[in-house]
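> Input file: my_file.txt. Contents: compact mmCIF, C-alpha atoms and all ligand atoms.
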```txt
# COMPACT_ATOMS: atom_id res chain seq x y z
CA MET A 290 32.56 8.60 13.86
CA GLN A 291 33.40 8.56 10.23
CA ALA A 292 31.20 6.55 7.94
CA GLN A 293 32.91 3.41 6.80
CA ARG A 294 33.27 1.78 3.46
CA ASP A 295 31.72 -1.61 3.14
CA PRO A 296 31.15 -3.93 0.21
CA ALA A 297 27.74 -5.06 1.44
CA ALA A 298 25.11 -5.07 -1.26
CA PRO A 299 21.80 -3.24 -0.94
CA VAL A 300 19.20 -5.27 0.85
CA PRO A 301 16.34 -7.04 -0.93
CA GLN A 302 12.76 -5.89 -0.82
CA ALA A 303 9.84 -7.46 0.96
CA ARG A 304 6.34 -6.39 1.78
CA PRO A 305 5.55 -3.11 3.51
CA SER A 306 3.60 -2.68 6.69
CA VAL A 307 1.63 0.10 8.23
CA ALA A 308 0.72 0.87 11.78
CA GLY A 309 -2.03 2.29 13.87
CA GLY A 310 -2.16 5.43 15.96
CA ALA A 311 -0.09 6.55 18.91
CA THR A 312 -0.34 9.07 21.68
CA ARG A 313 -0.04 12.73 20.80
CA ARG A 314 0.66 14.00 24.27
CA ARG A 315 4.42 13.75 24.08
CA MET A 316 4.46 16.47 21.47
CA LEU A 317 3.79 18.93 24.24
CA LEU A 318 7.17 18.12 25.70
CA LEU A 319 9.12 18.90 22.59
CA GLY A 320 9.29 22.63 22.97
CA GLY A 321 11.16 22.35 26.22
CA LEU A 322 13.47 19.59 25.16
CA LEU A 323 14.61 20.82 21.80
CA GLY A 324 15.40 24.38 22.60
CA GLY A 325 17.48 25.51 19.64
CA ALA A 326 15.87 27.88 17.19
CA ALA A 327 16.54 25.69 14.19
CA VAL A 328 15.26 22.63 15.96
CA ALA A 329 12.27 24.43 17.34
CA ALA A 330 11.33 25.49 13.83
CA ALA A 331 11.66 21.94 12.65
CA CYS A 332 9.54 20.72 15.51
CA GLY A 333 6.86 23.05 14.29
CA GLN A 334 6.94 21.15 11.08
CA ILE A 335 6.67 17.85 12.86
CA THR A 336 3.66 18.87 14.86
CA THR A 337 1.78 19.74 11.70
CA PRO A 338 0.79 16.53 9.92
CA ALA A 339 0.40 18.43 6.69
CA GLY A 340 3.67 20.28 7.22
CA SER A 341 6.90 19.77 5.41
CA PHE A 342 8.01 17.01 7.74
CA GLY A 343 5.13 15.04 6.31
CA ILE A 344 4.72 12.35 8.92
CA SER A 345 1.39 10.71 8.39
CA ALA A 346 -0.76 10.62 11.47
CA SER A 347 -2.51 7.48 10.30
CA GLY A 348 0.47 5.51 9.15
CA ALA A 349 -1.61 4.22 6.29
CA GLY A 350 -0.93 7.49 4.53
CA ALA A 351 2.73 6.70 4.26
CA ALA A 352 3.58 5.82 0.71
CA ALA A 353 3.83 2.08 0.44
CA ALA A 354 5.57 2.35 -2.89
CA PRO A 355 8.59 0.10 -3.17
CA LEU A 356 11.99 1.47 -3.98
CA ALA A 357 12.23 2.75 -7.51
CA ALA A 358 13.49 0.24 -10.00
CA GLY A 359 16.94 1.72 -9.78
CA GLY A 360 16.76 2.14 -6.03
CA ALA A 361 17.61 -1.38 -5.09
CA SER A 362 20.74 -1.30 -7.20
CA GLN A 363 22.03 2.01 -5.91
CA SER A 364 25.41 1.54 -4.33
CA PRO A 365 26.01 3.37 -1.07
CA GLN A 366 29.07 5.57 -1.02
CA ALA A 367 29.42 5.41 2.74
CA PHE A 368 28.11 3.42 5.69
CA LEU A 369 27.04 4.48 9.15
CA TYR A 370 26.61 1.87 11.87
CA LEU A 371 24.75 2.77 15.06
CA THR A 372 23.94 0.54 18.02
CA ILE A 373 21.21 1.06 20.58
CA ASN A 374 22.36 -0.52 23.80
CA SER A 375 20.05 -1.45 26.66
CA PRO A 376 20.89 -0.23 30.17
CA ALA A 377 22.48 -3.64 30.78
CA GLY A 378 24.66 -2.99 27.75
CA THR A 379 25.66 0.55 28.69
CA GLY A 380 26.26 -0.39 32.31
CA LYS A 381 24.37 2.72 33.36
CA PRO A 382 21.09 1.83 35.08
CA GLN A 383 18.00 3.20 33.32
CA TYR A 384 20.16 4.58 30.52
CA PRO A 385 19.72 2.97 27.14
CA ALA A 386 21.96 4.74 24.63
CA TYR A 387 22.81 5.15 20.99
CA VAL A 388 26.48 4.29 20.49
CA PRO A 389 27.95 6.39 19.07
CA SER A 390 25.67 9.38 19.56
CA TYR A 391 27.88 11.90 17.73
CA PHE A 392 28.82 10.88 14.22
CA THR A 393 29.73 12.14 10.77
CA VAL A 394 28.68 11.24 7.24
CA PRO A 395 29.89 12.69 3.93
CA ALA A 396 27.99 15.46 2.18
CA ASN A 397 26.21 14.88 -1.12
CA ALA A 398 26.49 11.14 -0.76
CA LEU A 399 24.29 8.08 -0.63
CA VAL A 400 24.79 6.68 2.87
CA GLN A 401 23.58 3.32 4.10
CA VAL A 402 22.60 3.65 7.74
CA GLN A 403 22.30 0.55 9.89
CA ILE A 404 20.88 0.75 13.40
CA THR A 405 21.10 -2.30 15.61
CA CYS A 406 18.71 -2.22 18.56
CA PHE A 407 19.67 -4.47 21.45
CA ASP A 408 17.08 -2.84 23.67
CA SER A 409 13.53 -4.07 24.21
CA GLY A 410 10.39 -2.80 25.86
CA PRO A 411 8.16 -0.43 23.94
CA ALA A 412 7.93 3.25 24.82
CA SER A 413 5.19 5.64 23.78
CA ILE A 414 5.77 7.92 20.82
CA PRO A 415 4.01 11.00 19.51
CA GLN A 416 1.58 10.16 16.77
CA GLY A 417 3.29 9.71 13.43
CA TYR A 418 6.73 8.76 14.69
CA GLN A 419 6.17 5.12 13.85
CA ASN A 420 6.52 6.04 10.20
CA VAL A 421 9.59 5.91 8.01
CA GLN A 422 10.23 9.38 6.63
CA GLY A 423 13.03 10.97 4.69
CA THR A 424 14.87 7.86 3.59
CA VAL A 425 15.52 7.00 -0.04
CA GLY A 426 12.25 5.55 -1.29
CA GLY A 427 10.54 6.30 2.02
CA THR A 428 11.30 2.79 3.19
CA ALA A 429 13.64 0.87 5.46
CA GLN A 430 14.70 -2.75 5.68
CA LEU A 431 13.81 -4.46 8.96
CA TYR A 432 15.59 -7.56 10.23
CA ALA A 433 14.39 -9.54 13.24
CA ALA A 434 17.99 -10.09 14.32
CA THR A 435 20.84 -8.18 15.90
CA LEU A 436 23.73 -10.60 15.50
CA GLY A 437 25.35 -12.75 12.88
CA ASP A 438 25.21 -12.57 9.12
CA LEU A 439 22.24 -10.41 8.19
CA SER A 440 22.41 -11.63 4.61
CA THR A 441 20.95 -14.89 5.90
CA VAL A 442 18.06 -13.15 7.69
CA PRO A 443 14.88 -12.30 5.75
CA ALA A 444 14.43 -8.56 5.37
CA GLN A 445 11.07 -6.84 5.44
CA THR A 446 10.63 -3.56 3.64
CA VAL A 447 8.71 -1.28 5.98
CA THR A 448 7.16 2.15 5.80
CA ALA A 449 6.19 2.06 9.48
CA ILE A 450 6.60 0.05 12.66
CA PRO A 451 3.46 -0.78 14.65
CA ALA A 452 3.32 2.09 17.14
CA ASP A 453 2.91 -0.20 20.14
CA GLN A 454 6.14 -2.02 19.23
CA VAL A 455 8.39 1.02 18.92
CA VAL A 456 11.27 0.98 21.39
CA HIS A 457 13.27 3.92 20.03
CA THR A 458 13.24 6.30 17.09
CA PHE A 459 16.03 8.02 15.21
CA THR A 460 14.69 11.44 14.35
CA VAL A 461 16.56 14.29 12.64
CA PRO A 462 14.11 17.19 12.31
CA THR A 463 16.34 19.34 10.12
CA LEU A 464 16.71 16.48 7.63
CA ASN A 465 13.02 15.53 7.82
CA LEU A 466 14.27 12.07 8.75
CA ASN A 467 12.49 9.63 11.03
CA VAL A 468 12.72 5.90 11.54
CA ALA A 469 11.40 3.75 14.39
CA LEU A 470 12.79 0.51 15.75
CA PRO A 471 11.09 -2.43 17.42
CA GLY A 472 12.98 -4.31 20.12
CA THR A 473 15.89 -6.60 19.29
CA SER A 474 16.04 -5.73 15.64
CA THR A 475 18.20 -4.20 12.96
CA LEU A 476 17.05 -1.48 10.59
CA ARG A 477 18.79 -0.42 7.39
CA PHE A 478 17.99 2.48 5.15
CA LEU A 479 19.54 4.70 2.53
CA LEU A 480 20.04 8.37 3.25
CA GLN A 481 20.88 10.89 0.54
CA THR A 482 22.87 13.67 2.16
CA GLY A 483 23.11 17.21 0.90
CA ALA A 484 25.16 20.20 1.93
CA PRO A 485 27.50 20.14 4.91
CA GLY A 486 25.88 20.98 8.20
CA THR A 487 25.23 19.95 11.77
CA HIS A 488 21.94 18.26 12.58
CA PRO A 489 20.69 17.45 16.09
CA TRP A 490 18.95 14.11 16.38
CA GLN A 491 16.62 12.87 19.11
CA CYS A 492 14.89 9.63 20.02
CA MET A 493 11.19 10.43 20.23
CA ALA A 494 10.14 7.32 22.18
CA ALA A 495 9.66 8.04 25.86
CA CYS A 496 12.36 5.57 26.87
CA GLY A 497 13.81 7.59 29.74
CA THR A 498 13.07 8.12 33.38
CA GLY A 499 10.39 9.96 35.31
CA GLU A 500 6.67 10.00 34.90
CA SER A 501 6.90 11.29 31.35
CA GLY A 502 9.68 8.95 30.33
CA TRP A 503 11.58 11.96 29.00
CA GLY A 504 14.08 12.25 31.83
CA GLY A 505 17.51 10.68 32.20
CA PRO A 506 18.82 9.42 28.85
CA MET A 507 16.15 11.38 26.98
CA SER A 508 17.24 14.72 28.41
CA ASP A 509 20.95 14.14 29.05
CA ALA A 510 22.88 14.72 25.84
CA GLY A 511 24.70 11.81 24.27
CA PHE A 512 22.30 8.98 25.07
CA MET A 513 19.00 9.44 23.24
CA SER A 514 20.14 12.59 21.47
CA GLY A 515 23.25 13.80 19.76
CA THR A 516 24.53 15.28 16.57
CA LEU A 517 24.72 14.08 12.99
CA THR A 518 27.40 16.04 11.16
CA VAL A 519 27.35 16.17 7.38
CA GLN A 520 30.89 16.92 6.33
CA ALA A 521 32.29 17.99 2.95
CU CU B 601 14.96 6.09 22.98
```
Take the structure I supplied and represent it as structure tokens, if you would.
Ligand SMILES: [Cu+2]

Amino acid sequence: MQAQRDPAAPVPQARPSVAGGATRRRMLLLGGLLGGAAVAAACGQITTPAGSFGISASGAGAAAAPLAAGGASQSPQAFLYLTINSPAGTGKPQYPAYVPSYFTVPANALVQVQITCFDSGPASIPQGYQNVQGTVGGTAQLYAATLGDLSTVPAQTVTAIPADQVVHTFTVPTLNLNVALPGTSTLRFLLQTGAPGTHPWQCMAACGTGESGWGGPMSDAGFMSGTLTVQA
């Protein structure tokens, strides 16, 4: 999907939050799920807390600095709207899904990404994936609403979501990007894109089927994984 133009103004700031720890076991599953060489290399970064991906294992290490003074007044050049539907919404039992799951944003642009999560029910994440990473300012705006006029809903500036409340994540290893979503919420953040390229994304919350929670929508392409294309 092409990013859309929208006159919406940048969202206001509120207080940040941090979160506690999460299970590390799911990391062991990554190697088999993200098989591509580029992705595998990026996963190596993720698994190293001190690596370039930079996800803080503690959450508290995530910079709580607010957006730079000019950050709040930056005007997005494009908009990307994603929806996370529950299985009831997709009509496919046990299959929550990002809709769309394959999408395109412009290169070298400031993009406002909005993810609306209609799903609920927390799923375990590898440690660190509760943190906001790779967005402009290292923050996101969280709304406790999925419908209606968001300008009337108080926004909270977050650097992390409490790990035990995370329902899904939006994780793009090759862009060092990670955000997490609690149930029935909307998250907005600014993304500065660079050169054209194709970037696999993956939800890192074990929201799928099977004992591990990594089956079904987590392993079938186009539900909890897909491709973000950065296009010139
Ligand atoms: Cu998910």
> Kindly indicate which residue among A:Ser501, A:Gln401, A:Thr379, A:Thr487 lies nearest to Thr424 in chain A, using all atoms listed in the file for the distances.
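Closest to Thr424 in chain A of all the choices is A:Gln401.
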> What's around Ala386 in chain A at 7 Å? Count only C-alpha atoms, leave out sequence neighbours fewer than 2 positions away in its own chain, and write the answer as number ranges by chain.
A: 373-375, 379, 384, 388, 512-513
> Ligand CU 601 (chain B): which residues are within 6 Å, counting all atoms listed in the file, as an MDAnalysis selection string?
chainID A and resid 457 492 494 496 513
> Just want the 8 Å neighbourhood of Leu371 in chain A, counted on only C-alpha atoms, with same-chain residues fewer than 5 positions away dropped. Output as a short mmCIF file (atom, residue, chain, number, x, y, z; two decimals) with C-alpha atoms, in the coordinates of the input.

```cif
data_model
loop_
_atom_site.label_atom_id
_atom_site.label_comp_id
_atom_site.auth_asym_id
_atom_site.auth_seq_id
_atom_site.Cartn_x
_atom_site.Cartn_y
_atom_site.Cartn_z
CA TYR A 387 22.81 5.15 20.99
CA VAL A 388 26.48 4.29 20.49
CA PRO A 389 27.95 6.39 19.07
CA VAL A 402 22.60 3.65 7.74
CA GLN A 403 22.30 0.55 9.89
CA ILE A 404 20.88 0.75 13.40
CA THR A 405 21.10 -2.30 15.61
#
```
> Rounded to one decimal in Å, what is the spacing between CA of Thr393 in chain A and CA of Val461 in chain A?
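Separating CA of Thr393 in chain A from CA of Val461 in chain A is a distance of 13.5 Å.
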> Using all atoms listed in the file and a cutoff of 6 Å, can you tell me which residues are near (7.7, 2.4, 5.8) in the file's coordinates, and write them out as a VMD selection string?
chain A and resid 420 to 421 428 447 to 449
> Between A:Asp438, A:Asp509, A:Glu500, A:Asp453, which is the closest to Gln419 in chain A once you count only C-alpha atoms?
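Using only C-alpha atoms, the shortest distance to Gln419 in chain A belongs to A:Asp453.
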> Of the residues A:Gly486, A:Pro443, A:Pro385, A:Gly497, which is the one nearest to Phe407 in chain A, using only C-alpha atoms?
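Closest residue, counting only C-alpha atoms: A:Pro385.
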> Nearest to His488 in chain A among A:Val394, A:Tyr432, A:Ser409, A:Thr473, with distances taken over only C-alpha atoms: which residue is it?
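Checking each candidate against His488 in chain A, we get A:Val394 as the closest.
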> With 5 Å of padding per side, what axis-aligned box (centre and edge lengths, Å, one decimal) covers all the listed atoms of range 398-406 of chain A? Give it as JSON.

```
{"center_x": 22.6, "center_y": 4.4, "center_z": 8.9, "size_x": 17.8, "size_y": 23.4, "size_z": 29.3}
```
